[in-house]
file upload05.cif (mmCIF, C-alpha atoms)
data_query
#
loop_
_atom_site.label_atom_id
_atom_site.label_comp_id
_atom_site.auth_asym_id
_atom_site.auth_seq_id
_atom_site.Cartn_x
_atom_site.Cartn_y
_atom_site.Cartn_z
CA MET P 1 -36.71 42.61 0.55
CA HIS P 2 -39.53 45.15 0.71
CA SER P 3 -37.32 47.60 -1.13
CA LEU P 4 -36.80 45.33 -4.15
CA ASN P 5 -39.84 46.76 -5.92
CA ASN P 6 -42.42 48.70 -4.00
CA ASN P 7 -44.86 48.39 -6.91
CA THR P 8 -44.82 44.59 -6.77
CA SER P 9 -47.57 44.19 -4.23
CA THR P 10 -49.70 41.10 -3.75
CA PRO P 11 -53.20 41.84 -2.43
CA THR P 12 -54.67 38.90 -0.58
CA PRO P 13 -56.82 36.69 -2.85
CA THR P 14 -60.12 35.43 -1.48
CA PRO P 15 -61.00 32.24 -3.36
CA THR P 16 -63.69 29.77 -2.42
CA PRO P 17 -64.35 27.40 -0.80
CA VAL P 18 -63.22 28.52 2.65
CA PRO P 19 -63.86 26.24 5.66
CA SER P 20 -66.02 27.47 8.53
CA ALA P 21 -64.42 29.19 11.52
CA ARG P 22 -64.75 25.97 13.53
CA GLU P 23 -63.11 23.91 10.79
CA GLN P 24 -60.30 26.45 10.57
CA ARG P 25 -59.66 26.26 14.32
CA GLU P 26 -59.59 22.47 14.17
CA ARG P 27 -57.24 22.32 11.20
CA CYS P 28 -54.91 25.21 11.90
CA CYS P 29 -51.61 24.87 13.72
CA VAL P 30 -49.33 27.89 14.22
CA PHE P 31 -45.71 27.43 15.24
CA TYR P 32 -42.24 28.91 14.91
CA LEU P 33 -39.20 27.50 13.20
CA ARG P 34 -35.57 28.37 13.69
CA PRO P 35 -33.63 28.46 10.41
CA PRO P 36 -30.52 26.26 10.15
CA ALA P 37 -27.49 27.84 11.86
CA ALA P 38 -29.69 30.67 13.16
CA ALA P 39 -28.88 33.03 16.00
CA ALA P 40 -30.49 32.26 19.33
CA ASP P 41 -33.15 34.95 18.86
CA GLU P 42 -33.82 34.37 15.14
CA HIS P 43 -37.01 32.55 14.18
CA ILE P 44 -39.44 32.48 11.32
CA GLY P 45 -43.17 32.08 11.59
CA ALA P 46 -45.09 29.31 9.91
CA ALA P 47 -48.67 28.10 9.90
CA THR P 48 -50.26 24.92 8.65
CA ALA P 49 -53.71 24.96 7.08
CA SER P 50 -54.27 21.31 7.91
CA LYS P 51 -52.97 19.21 10.75
CA PRO P 52 -50.35 16.62 9.82
CA SER P 53 -51.88 13.16 9.50
CA SER P 54 -50.45 9.93 10.88
CA ALA P 55 -49.42 9.00 7.34
CA PRO P 56 -48.08 12.17 5.67
CA GLY P 57 -48.92 12.64 2.01
CA LEU P 58 -48.38 15.61 -0.26
CA VAL P 59 -47.56 18.92 1.38
CA VAL P 60 -47.44 22.29 -0.39
CA ILE P 61 -45.01 24.81 1.10
CA PHE P 62 -46.16 28.32 0.20
CA ALA P 63 -43.88 31.35 -0.07
CA HIS P 64 -46.16 34.37 -0.44
CA GLY P 65 -45.63 37.59 -2.39
CA ASN P 66 -44.74 41.06 -1.23
CA ALA P 67 -46.97 43.40 0.85
CA THR P 68 -48.85 40.57 2.58
CA ASP P 69 -48.23 37.97 5.30
CA CYS P 70 -49.37 34.52 6.40
CA GLY P 71 -52.23 35.86 8.51
CA ALA P 72 -53.77 37.74 5.60
CA MET P 73 -53.24 34.77 3.28
CA MET P 74 -54.85 32.14 5.51
CA PRO P 75 -58.23 32.03 3.66
CA PHE P 76 -56.32 31.25 0.46
CA TYR P 77 -54.26 28.55 2.20
CA TYR P 78 -57.42 26.92 3.58
CA ALA P 79 -58.99 26.93 0.12
CA CYS P 80 -55.87 25.27 -1.31
CA ALA P 81 -55.83 22.59 1.39
CA ALA P 82 -59.49 21.81 0.70
CA SER P 83 -59.42 22.04 -3.10
CA LEU P 84 -56.14 20.18 -3.61
CA GLU P 85 -56.53 17.71 -0.72
CA VAL P 86 -53.04 18.38 0.56
CA ALA P 87 -51.39 19.60 3.73
CA VAL P 88 -50.29 23.23 3.50
CA LEU P 89 -47.25 24.71 5.22
CA ALA P 90 -47.10 28.49 4.80
CA VAL P 91 -43.84 30.33 5.41
CA GLU P 92 -43.56 33.73 7.07
CA TYR P 93 -40.34 35.50 6.16
CA VAL P 94 -38.11 37.20 8.69
CA GLY P 95 -39.20 40.85 8.78
CA TYR P 96 -42.81 40.15 7.77
CA GLY P 97 -45.99 39.70 9.79
CA ALA P 98 -45.37 39.55 13.53
CA TYR P 99 -41.65 40.19 12.96
CA GLN P 100 -42.12 43.35 10.90
CA GLU P 101 -41.14 45.72 13.71
CA GLU P 102 -38.29 43.71 15.21
CA SER P 103 -36.31 42.34 12.27
CA THR P 104 -35.24 43.36 8.78
CA PRO P 105 -36.17 41.35 5.67
CA SER P 106 -33.43 40.29 3.29
CA ALA P 107 -32.87 37.90 0.42
CA ARG P 108 -30.77 35.65 2.65
CA SER P 109 -33.38 35.47 5.40
CA ALA P 110 -36.11 34.66 2.87
CA PHE P 111 -34.07 31.76 1.48
CA ARG P 112 -33.38 30.47 4.99
CA SER P 113 -37.06 30.75 5.89
CA VAL P 114 -38.13 28.47 3.04
CA GLU P 115 -35.22 26.11 3.74
CA ALA P 116 -36.35 25.84 7.38
CA ALA P 117 -39.89 24.99 6.28
CA TYR P 118 -38.54 22.34 3.90
CA GLN P 119 -36.52 20.75 6.70
CA HIS P 120 -39.55 20.86 8.99
CA ALA P 121 -41.66 19.02 6.40
CA LEU P 122 -39.03 16.28 6.35
CA ARG P 123 -39.14 16.07 10.15
CA LEU P 124 -42.92 15.67 9.96
CA GLY P 125 -42.33 12.53 7.90
CA HIS P 126 -42.86 13.83 4.36
CA THR P 127 -40.43 12.45 1.82
CA PRO P 128 -38.81 14.87 -0.67
CA ASP P 129 -41.06 13.66 -3.50
CA GLN P 130 -44.11 14.53 -1.38
CA ILE P 131 -43.03 18.17 -1.06
CA ILE P 132 -44.28 20.77 -3.55
CA LEU P 133 -42.78 24.25 -3.30
CA TYR P 134 -45.05 27.13 -4.33
CA GLY P 135 -43.65 30.63 -4.78
CA GLN P 136 -45.73 33.67 -5.68
CA SER P 137 -44.13 36.82 -7.10
CA ILE P 138 -41.04 37.59 -5.00
CA GLY P 139 -41.66 34.29 -3.18
CA SER P 140 -40.53 32.55 -6.36
CA ALA P 141 -36.91 33.50 -5.52
CA PRO P 142 -36.48 31.55 -2.26
CA VAL P 143 -38.52 28.69 -3.74
CA CYS P 144 -36.22 28.42 -6.77
CA ALA P 145 -33.14 28.61 -4.56
CA VAL P 146 -34.34 25.85 -2.22
CA ALA P 147 -35.58 23.63 -5.08
CA ALA P 148 -32.22 24.01 -6.83
CA ALA P 149 -30.40 22.79 -3.72
CA ASN P 150 -32.82 20.06 -2.55
CA PRO P 151 -34.90 17.27 -4.11
CA VAL P 152 -38.62 18.06 -4.26
CA GLY P 153 -41.69 16.56 -5.86
CA GLY P 154 -42.59 19.67 -7.85
CA VAL P 155 -42.40 23.45 -8.06
CA VAL P 156 -45.13 25.99 -8.78
CA LEU P 157 -44.13 29.54 -9.73
CA HIS P 158 -47.04 32.02 -9.66
CA SER P 159 -46.37 35.38 -11.37
CA PRO P 160 -42.63 34.76 -10.86
CA ILE P 161 -39.71 37.09 -11.39
CA ALA P 162 -36.94 36.01 -13.76
CA THR P 163 -34.52 38.22 -11.84
CA GLY P 164 -35.08 41.06 -9.41
CA LEU P 165 -33.36 43.67 -11.57
CA ARG P 166 -35.58 42.84 -14.54
CA THR P 167 -38.62 44.05 -12.58
CA MET P 168 -37.13 47.53 -12.35
CA THR P 169 -35.33 48.10 -15.66
CA ASP P 170 -35.28 47.02 -19.27
CA ASN P 171 -32.80 44.43 -20.48
CA GLY P 172 -29.89 45.50 -22.68
CA PRO P 173 -26.10 45.29 -22.99
CA CYS P 174 -25.57 48.40 -20.83
CA SER P 175 -28.53 47.96 -18.50
CA PRO P 176 -28.21 47.16 -14.78
CA VAL P 177 -29.49 43.66 -15.61
CA CYS P 178 -26.17 42.94 -17.38
CA MET P 179 -23.82 45.29 -15.53
CA PHE P 180 -24.81 44.09 -12.06
CA ALA P 181 -25.76 40.50 -12.86
CA CYS P 182 -23.11 39.14 -10.50
CA LEU P 183 -24.77 41.02 -7.61
CA GLU P 184 -28.32 39.87 -8.39
CA PRO P 185 -29.81 38.34 -5.19
CA PHE P 186 -32.96 37.00 -6.89
CA ASN P 187 -31.65 35.20 -9.97
CA ASN P 188 -34.36 32.68 -10.75
CA LEU P 189 -33.11 32.24 -14.30
CA ARG P 190 -29.86 30.84 -12.94
CA ALA P 191 -31.48 28.75 -10.20
CA ILE P 192 -34.19 27.15 -12.36
CA LYS P 193 -31.56 25.51 -14.56
CA ARG P 194 -30.49 23.46 -11.51
CA ILE P 195 -34.01 22.36 -10.53
CA GLU P 196 -34.46 18.73 -11.51
CA SER P 197 -38.13 18.39 -10.57
CA VAL P 198 -41.08 19.43 -12.74
CA VAL P 199 -41.87 23.16 -12.76
CA PHE P 200 -45.37 24.59 -13.33
CA ILE P 201 -45.55 28.31 -14.17
CA ILE P 202 -48.68 30.45 -13.82
CA HIS P 203 -48.59 34.01 -15.18
CA GLY P 204 -51.07 36.65 -16.31
CA THR P 205 -50.64 37.90 -19.88
CA GLU P 206 -51.43 41.50 -18.84
CA ASP P 207 -49.15 41.61 -15.80
CA GLU P 208 -47.72 45.14 -15.70
CA GLU P 209 -45.64 44.71 -12.54
CA VAL P 210 -43.80 41.51 -13.50
CA PRO P 211 -44.42 41.05 -17.24
CA CYS P 212 -45.40 37.64 -18.55
CA SER P 213 -42.05 37.54 -20.35
CA HIS P 214 -40.50 36.66 -16.97
CA GLY P 215 -42.62 33.52 -16.77
CA GLU P 216 -41.88 32.69 -20.40
CA MET P 217 -38.12 32.94 -19.81
CA LEU P 218 -38.33 30.68 -16.77
CA HIS P 219 -40.49 28.14 -18.60
CA ALA P 220 -37.97 28.00 -21.45
CA ALA P 221 -35.06 27.55 -19.03
CA ALA P 222 -36.62 24.80 -16.87
CA GLN P 223 -35.21 21.27 -17.13
CA ALA P 224 -38.62 19.64 -16.73
CA PRO P 225 -41.34 22.18 -17.57
CA HIS P 226 -45.00 21.36 -16.99
CA PRO P 227 -47.38 22.90 -19.56
CA PRO P 228 -47.72 26.51 -18.35
CA TYR P 229 -50.94 28.31 -17.49
CA TRP P 230 -50.85 31.68 -19.26
CA VAL P 231 -53.91 33.47 -17.89
CA GLU P 232 -55.38 35.63 -20.65
CA GLY P 233 -56.13 39.17 -19.52
CA ALA P 234 -54.93 38.64 -15.95
CA GLY P 235 -52.63 40.99 -14.12
CA HIS P 236 -50.11 40.40 -11.36
CA SER P 237 -52.42 39.84 -8.40
CA ASP P 238 -55.88 38.96 -9.72
CA ILE P 239 -55.50 35.44 -11.10
CA VAL P 240 -57.09 33.67 -8.13
CA GLU P 241 -59.73 36.37 -7.66
CA ASN P 242 -60.94 36.51 -11.26
CA HIS P 243 -60.06 33.05 -12.60
CA SER P 244 -60.63 30.90 -9.51
CA ASP P 245 -62.29 27.87 -11.15
CA GLU P 246 -59.70 27.43 -13.90
CA TYR P 247 -56.84 28.26 -11.53
CA PHE P 248 -57.79 25.47 -9.13
CA ARG P 249 -58.50 23.08 -12.02
CA GLN P 250 -55.03 23.63 -13.47
CA LEU P 251 -53.36 23.44 -10.07
CA ARG P 252 -55.27 20.30 -9.13
CA PHE P 253 -54.17 18.66 -12.41
CA PHE P 254 -50.54 19.41 -11.58
CA VAL P 255 -50.84 18.23 -7.96
CA ASP P 256 -52.66 15.04 -8.98
CA GLY P 257 -49.80 14.29 -11.35
CA ARG P 258 -47.33 14.55 -8.47
CA ARG P 259 -49.64 12.42 -6.32
CA ASP P 260 -49.84 9.71 -8.98
CA LEU P 261 -46.04 9.61 -9.34
CA GLU P 262 -45.58 9.45 -5.57
CA ALA P 263 -48.08 6.57 -5.35
CA ALA P 264 -46.36 4.73 -8.21
CA ASP P 265 -42.97 5.09 -6.55
CA ALA P 266 -44.38 3.75 -3.28
CA ALA P 267 -46.06 0.70 -4.90
CA PRO P 268 -44.28 -2.66 -4.63
CA GLN P 269 -42.30 -3.49 -7.76
CA LYS P 270 -43.16 -6.72 -9.58
CA ILE P 271 -40.27 -8.97 -10.47
CA SER P 272 -40.60 -10.50 -13.93
CA GLY P 273 -39.10 -13.77 -15.06
CA GLY P 274 -39.99 -15.82 -11.96
CA VAL P 275 -38.09 -16.40 -8.73
CA ARG P 276 -34.34 -16.82 -9.00
#

call {"tool": "encode", "arguments": {"input": "upload05.cif", "output": "structure tokens"}}
result
Amino acid sequence: MHSLNNNTSTPTPTPTPVPSAREQRERCCVFYLRPPAAAADEHIGAATASKPSSAPGLVVIFAHGNATDCGAMMPFYYACAASLEVAVLAVEYVGYGAYQEESTPSARSAFRSVEAAYQHALRLGHTPDQIILYGQSIGSAPVCAVAAANPVGGVVLHSPIATGLRTMTDNGPCSPVCMFACLEPFNNLRAIKRIESVVFIIHGTEDEEVPCSHGEMLHAAAQAPHPPYWVEGAGHSDIVENHSDEYFRQLRFFVDGRRDLEAADAAPQKISGGVR
């Protein structure tokens, strides 16, 4: 997966607010998950930025971008947990982080990593409509794949790829995008058409690594698109760093919408017309 596009790196954002070291220790839980049908020695890493409560509410499952890992992203995950008032479950792909030296990343292992996190959220007591999948950059691919195959409460795609090949070559009738489309391992354009939940896309208008046209194509193809956040002047990896206030405002608006729907679904239904 590292070899998909070496230029598509995702430096770690450092938004505020970040809880104190003591608060982080109290709220952090690190564990390992075994993907479905995994080999005996195959695991993925995962970390929560807030401990599960006795009555689970919304949980955001994060699939990070390339050239980073869960450890480096933890300040961002803490800020999201605090700003959005949600539980956060961050996925570490096979071949990343602590597993970088002992296993090889692949498209299949990335999909299975996010699927394992989704199944773990269900085991924690979260219902499908309480689960929001968040994929950044290359992380948008396993998120789209899992959301296309499972019910979820919402999907956030941050600087997403439309397809992997489109990040490396121009489109055209004789381009690799068309000639090798059947071999494309990261085909978000195909997957997003099968996602039934609402999809929120965030993309910088000056992104030179994954052009904003990728986000525009995905927004147009989504069954239930949320109004997108096109970040004027932003590149591929600086949205949170340089547009933190508006980023969290937009994300909070989306999350609150999912929270309101989840609360409405859980409320007792009134029966009109009297007792029969």

call {"tool": "resolve_selection", "arguments": {"input": "upload05.cif", "expression": "the PyMOL selection byres ((chain P and resi 222-235) around 10)", "output": "mmCIF file with C-alpha atoms, keeping the file's coordinate frame"}}
result
data_model
loop_
_atom_site.group_PDB
_atom_site.id
_atom_site.type_symbol
_atom_site.label_atom_id
_atom_site.label_comp_id
_atom_site.auth_asym_id
_atom_site.auth_seq_id
_atom_site.Cartn_x
_atom_site.Cartn_y
_atom_site.Cartn_z
ATOM 1 C CA GLY P 154 -42.590 19.670 -7.850
ATOM 2 C CA VAL P 155 -42.400 23.450 -8.060
ATOM 3 C CA VAL P 156 -45.130 25.990 -8.780
ATOM 4 C CA LEU P 157 -44.130 29.540 -9.730
ATOM 5 C CA HIS P 158 -47.040 32.020 -9.660
ATOM 6 C CA SER P 159 -46.370 35.380 -11.370
ATOM 7 C CA LEU P 189 -33.110 32.240 -14.300
ATOM 8 C CA ARG P 190 -29.860 30.840 -12.940
ATOM 9 C CA ALA P 191 -31.480 28.750 -10.200
ATOM 10 C CA ILE P 192 -34.190 27.150 -12.360
ATOM 11 C CA LYS P 193 -31.560 25.510 -14.560
ATOM 12 C CA ARG P 194 -30.490 23.460 -11.510
ATOM 13 C CA ILE P 195 -34.010 22.360 -10.530
ATOM 14 C CA GLU P 196 -34.460 18.730 -11.510
ATOM 15 C CA SER P 197 -38.130 18.390 -10.570
ATOM 16 C CA VAL P 198 -41.080 19.430 -12.740
ATOM 17 C CA VAL P 199 -41.870 23.160 -12.760
ATOM 18 C CA PHE P 200 -45.370 24.590 -13.330
ATOM 19 C CA ILE P 201 -45.550 28.310 -14.170
ATOM 20 C CA ILE P 202 -48.680 30.450 -13.820
ATOM 21 C CA HIS P 203 -48.590 34.010 -15.180
ATOM 22 C CA GLY P 204 -51.070 36.650 -16.310
ATOM 23 C CA THR P 205 -50.640 37.900 -19.880
ATOM 24 C CA GLU P 206 -51.430 41.500 -18.840
ATOM 25 C CA ASP P 207 -49.150 41.610 -15.800
ATOM 26 C CA GLU P 208 -47.720 45.140 -15.700
ATOM 27 C CA GLU P 209 -45.640 44.710 -12.540
ATOM 28 C CA VAL P 210 -43.800 41.510 -13.500
ATOM 29 C CA PRO P 211 -44.420 41.050 -17.240
ATOM 30 C CA CYS P 212 -45.400 37.640 -18.550
ATOM 31 C CA GLY P 215 -42.620 33.520 -16.770
ATOM 32 C CA GLU P 216 -41.880 32.690 -20.400
ATOM 33 C CA MET P 217 -38.120 32.940 -19.810
ATOM 34 C CA LEU P 218 -38.330 30.680 -16.770
ATOM 35 C CA HIS P 219 -40.490 28.140 -18.600
ATOM 36 C CA ALA P 220 -37.970 28.000 -21.450
ATOM 37 C CA ALA P 221 -35.060 27.550 -19.030
ATOM 38 C CA HIS P 236 -50.110 40.400 -11.360
ATOM 39 C CA SER P 237 -52.420 39.840 -8.400
ATOM 40 C CA ASP P 238 -55.880 38.960 -9.720
ATOM 41 C CA ILE P 239 -55.500 35.440 -11.100
ATOM 42 C CA VAL P 240 -57.090 33.670 -8.130
ATOM 43 C CA GLU P 241 -59.730 36.370 -7.660
ATOM 44 C CA ASN P 242 -60.940 36.510 -11.260
ATOM 45 C CA HIS P 243 -60.060 33.050 -12.600
ATOM 46 C CA GLU P 246 -59.700 27.430 -13.900
ATOM 47 C CA TYR P 247 -56.840 28.260 -11.530
ATOM 48 C CA GLN P 250 -55.030 23.630 -13.470
ATOM 49 C CA LEU P 251 -53.360 23.440 -10.070
ATOM 50 C CA PHE P 254 -50.540 19.410 -11.580
#

call {"tool": "resolve_selection", "arguments": {"input": "upload05.cif", "expression": "the PyMOL selection byres ((chain P and resi 117-119) around 8)", "output": "number ranges by chain"}}
result
P: 33, 46, 61, 89, 91, 113-116, 120-123, 131

call {"tool": "closest_atom_pairs", "arguments": {"input": "upload05.cif", "of": "segment 115-135 of chain P", "to": "segment 257-268 of chain P", "cutoff": "12 Å", "atoms": "only C-alpha atoms", "output": "JSON lines"}}
result
{"residue": "P:His126", "atom": "CA", "partner": "P:Glu262", "partner_atom": "CA", "distance": 11.2}
{"residue": "P:Thr127", "atom": "CA", "partner": "P:Glu262", "partner_atom": "CA", "distance": 9.5}
{"residue": "P:Pro128", "atom": "CA", "partner": "P:Glu262", "partner_atom": "CA", "distance": 10.0}
{"residue": "P:Asp129", "atom": "CA", "partner": "P:Glu262", "partner_atom": "CA", "distance": 6.5}
{"residue": "P:Gln130", "atom": "CA", "partner": "P:Glu262", "partner_atom": "CA", "distance": 6.7}
{"residue": "P:Ile131", "atom": "CA", "partner": "P:Arg258", "partner_atom": "CA", "distance": 9.3}
{"residue": "P:Ile132", "atom": "CA", "partner": "P:Arg258", "partner_atom": "CA", "distance": 8.5}
{"residue": "P:Leu133", "atom": "CA", "partner": "P:Arg258", "partner_atom": "CA", "distance": 11.9}

call {"tool": "atom_distance", "arguments": {"input": "upload05.cif", "atom1": "atom CA of Phe253 of chain P", "atom2": "atom CA of Leu84 of chain P"}}
result
9.1 Å

call {"tool": "closest_residue", "arguments": {"input": "upload05.cif", "among": "P:Gly57, P:Pro142, P:Gly135, P:Gly125", "to": "Ser106 of chain P", "atoms": "only C-alpha atoms"}}
result
P:Pro142

call {"tool": "closest_residue", "arguments": {"input": "upload05.cif", "among": "P:Ser140, P:Val86, P:Arg112, P:Glu92", "to": "Cys70 of chain P", "atoms": "all atoms listed in the file"}}
result
P:Glu92

call {"tool": "atom_distance", "arguments": {"input": "upload05.cif", "atom1": "atom CA of Asp256 of chain P", "atom2": "atom CA of Phe186 of chain P"}}
result
29.6 Å

call {"tool": "atom_distance", "arguments": {"input": "upload05.cif", "atom1": "atom CA of Thr104 of chain P", "atom2": "atom CA of Gly71 of chain P"}}
result
18.6 Å

call {"tool": "closest_residue", "arguments": {"input": "upload05.cif", "among": "P:Asn188, P:Ala81, P:Tyr134, P:Ala90", "to": "Val152 of chain P", "atoms": "all atoms listed in the file"}}
result
P:Tyr134

call {"tool": "build_atoms", "arguments": {"input": "upload05.cif", "residues": "segment 133-142 of chain P", "atoms": "all heavy atoms", "output": "CSV table (one decimal), in the coordinates of the input"}}
result
chain,number,residue,atom,x,y,z
P,133,LEU,N,-43.1,22.9,-3.7
P,133,LEU,CA,-42.8,24.2,-3.3
P,133,LEU,C,-43.6,25.2,-4.2
P,133,LEU,O,-43.5,25.0,-5.4
P,133,LEU,CB,-41.3,24.5,-3.4
P,133,LEU,CG,-40.3,23.7,-2.5
P,133,LEU,CD1,-38.9,24.2,-2.7
P,133,LEU,CD2,-40.7,23.8,-1.1
P,134,TYR,N,-44.2,26.2,-3.6
P,134,TYR,CA,-45.0,27.1,-4.3
P,134,TYR,C,-44.6,28.5,-4.0
P,134,TYR,O,-44.6,29.0,-2.9
P,134,TYR,CB,-46.5,26.9,-3.9
P,134,TYR,CG,-47.5,27.7,-4.7
P,134,TYR,CD1,-48.5,27.1,-5.5
P,134,TYR,CD2,-47.6,29.1,-4.7
P,134,TYR,CE1,-49.5,27.8,-6.2
P,134,TYR,CE2,-48.5,29.8,-5.4
P,134,TYR,CZ,-49.5,29.1,-6.1
P,134,TYR,OH,-50.4,29.8,-6.8
P,135,GLY,N,-44.1,29.3,-5.0
P,135,GLY,CA,-43.6,30.6,-4.8
P,135,GLY,C,-44.4,31.6,-5.6
P,135,GLY,O,-44.5,31.4,-6.8
P,136,GLN,N,-45.0,32.6,-5.0
P,136,GLN,CA,-45.7,33.7,-5.7
P,136,GLN,C,-44.9,35.0,-5.7
P,136,GLN,O,-44.4,35.4,-4.7
P,136,GLN,CB,-47.1,33.9,-5.0
P,136,GLN,CG,-47.9,35.0,-5.7
P,136,GLN,CD,-49.3,35.1,-5.2
P,136,GLN,OE1,-49.7,34.4,-4.2
P,136,GLN,NE2,-50.1,35.9,-5.8
P,137,SER,N,-44.8,35.5,-6.9
P,137,SER,CA,-44.1,36.8,-7.1
P,137,SER,C,-42.7,36.8,-6.5
P,137,SER,O,-41.9,35.9,-6.9
P,137,SER,CB,-44.9,37.9,-6.5
P,137,SER,OG,-44.4,39.2,-6.8
P,138,ILE,N,-42.4,37.6,-5.6
P,138,ILE,CA,-41.0,37.6,-5.0
P,138,ILE,C,-40.8,36.3,-4.3
P,138,ILE,O,-39.6,35.9,-4.1
P,138,ILE,CB,-40.8,38.8,-4.1
P,138,ILE,CG1,-39.3,39.1,-3.9
P,138,ILE,CG2,-41.6,38.6,-2.8
P,138,ILE,CD1,-39.1,40.4,-3.1
P,139,GLY,N,-41.8,35.6,-3.8
P,139,GLY,CA,-41.7,34.3,-3.2
P,139,GLY,C,-41.1,33.2,-4.1
P,139,GLY,O,-40.6,32.2,-3.6
P,140,SER,N,-41.1,33.5,-5.4
P,140,SER,CA,-40.5,32.6,-6.4
P,140,SER,C,-39.0,32.4,-6.2
P,140,SER,O,-38.4,31.4,-6.5
P,140,SER,CB,-40.9,33.0,-7.8
P,140,SER,OG,-40.3,34.2,-8.1
P,141,ALA,N,-38.4,33.5,-5.7
P,141,ALA,CA,-36.9,33.5,-5.5
P,141,ALA,C,-36.4,32.5,-4.5
P,141,ALA,O,-35.6,31.6,-4.8
P,141,ALA,CB,-36.4,34.9,-5.2
P,142,PRO,N,-36.9,32.6,-3.2
P,142,PRO,CA,-36.5,31.6,-2.3
P,142,PRO,C,-36.9,30.1,-2.6
P,142,PRO,O,-36.2,29.2,-2.4
P,142,PRO,CB,-37.1,32.0,-0.9
P,142,PRO,CG,-38.2,32.9,-1.3
P,142,PRO,CD,-37.8,33.6,-2.6
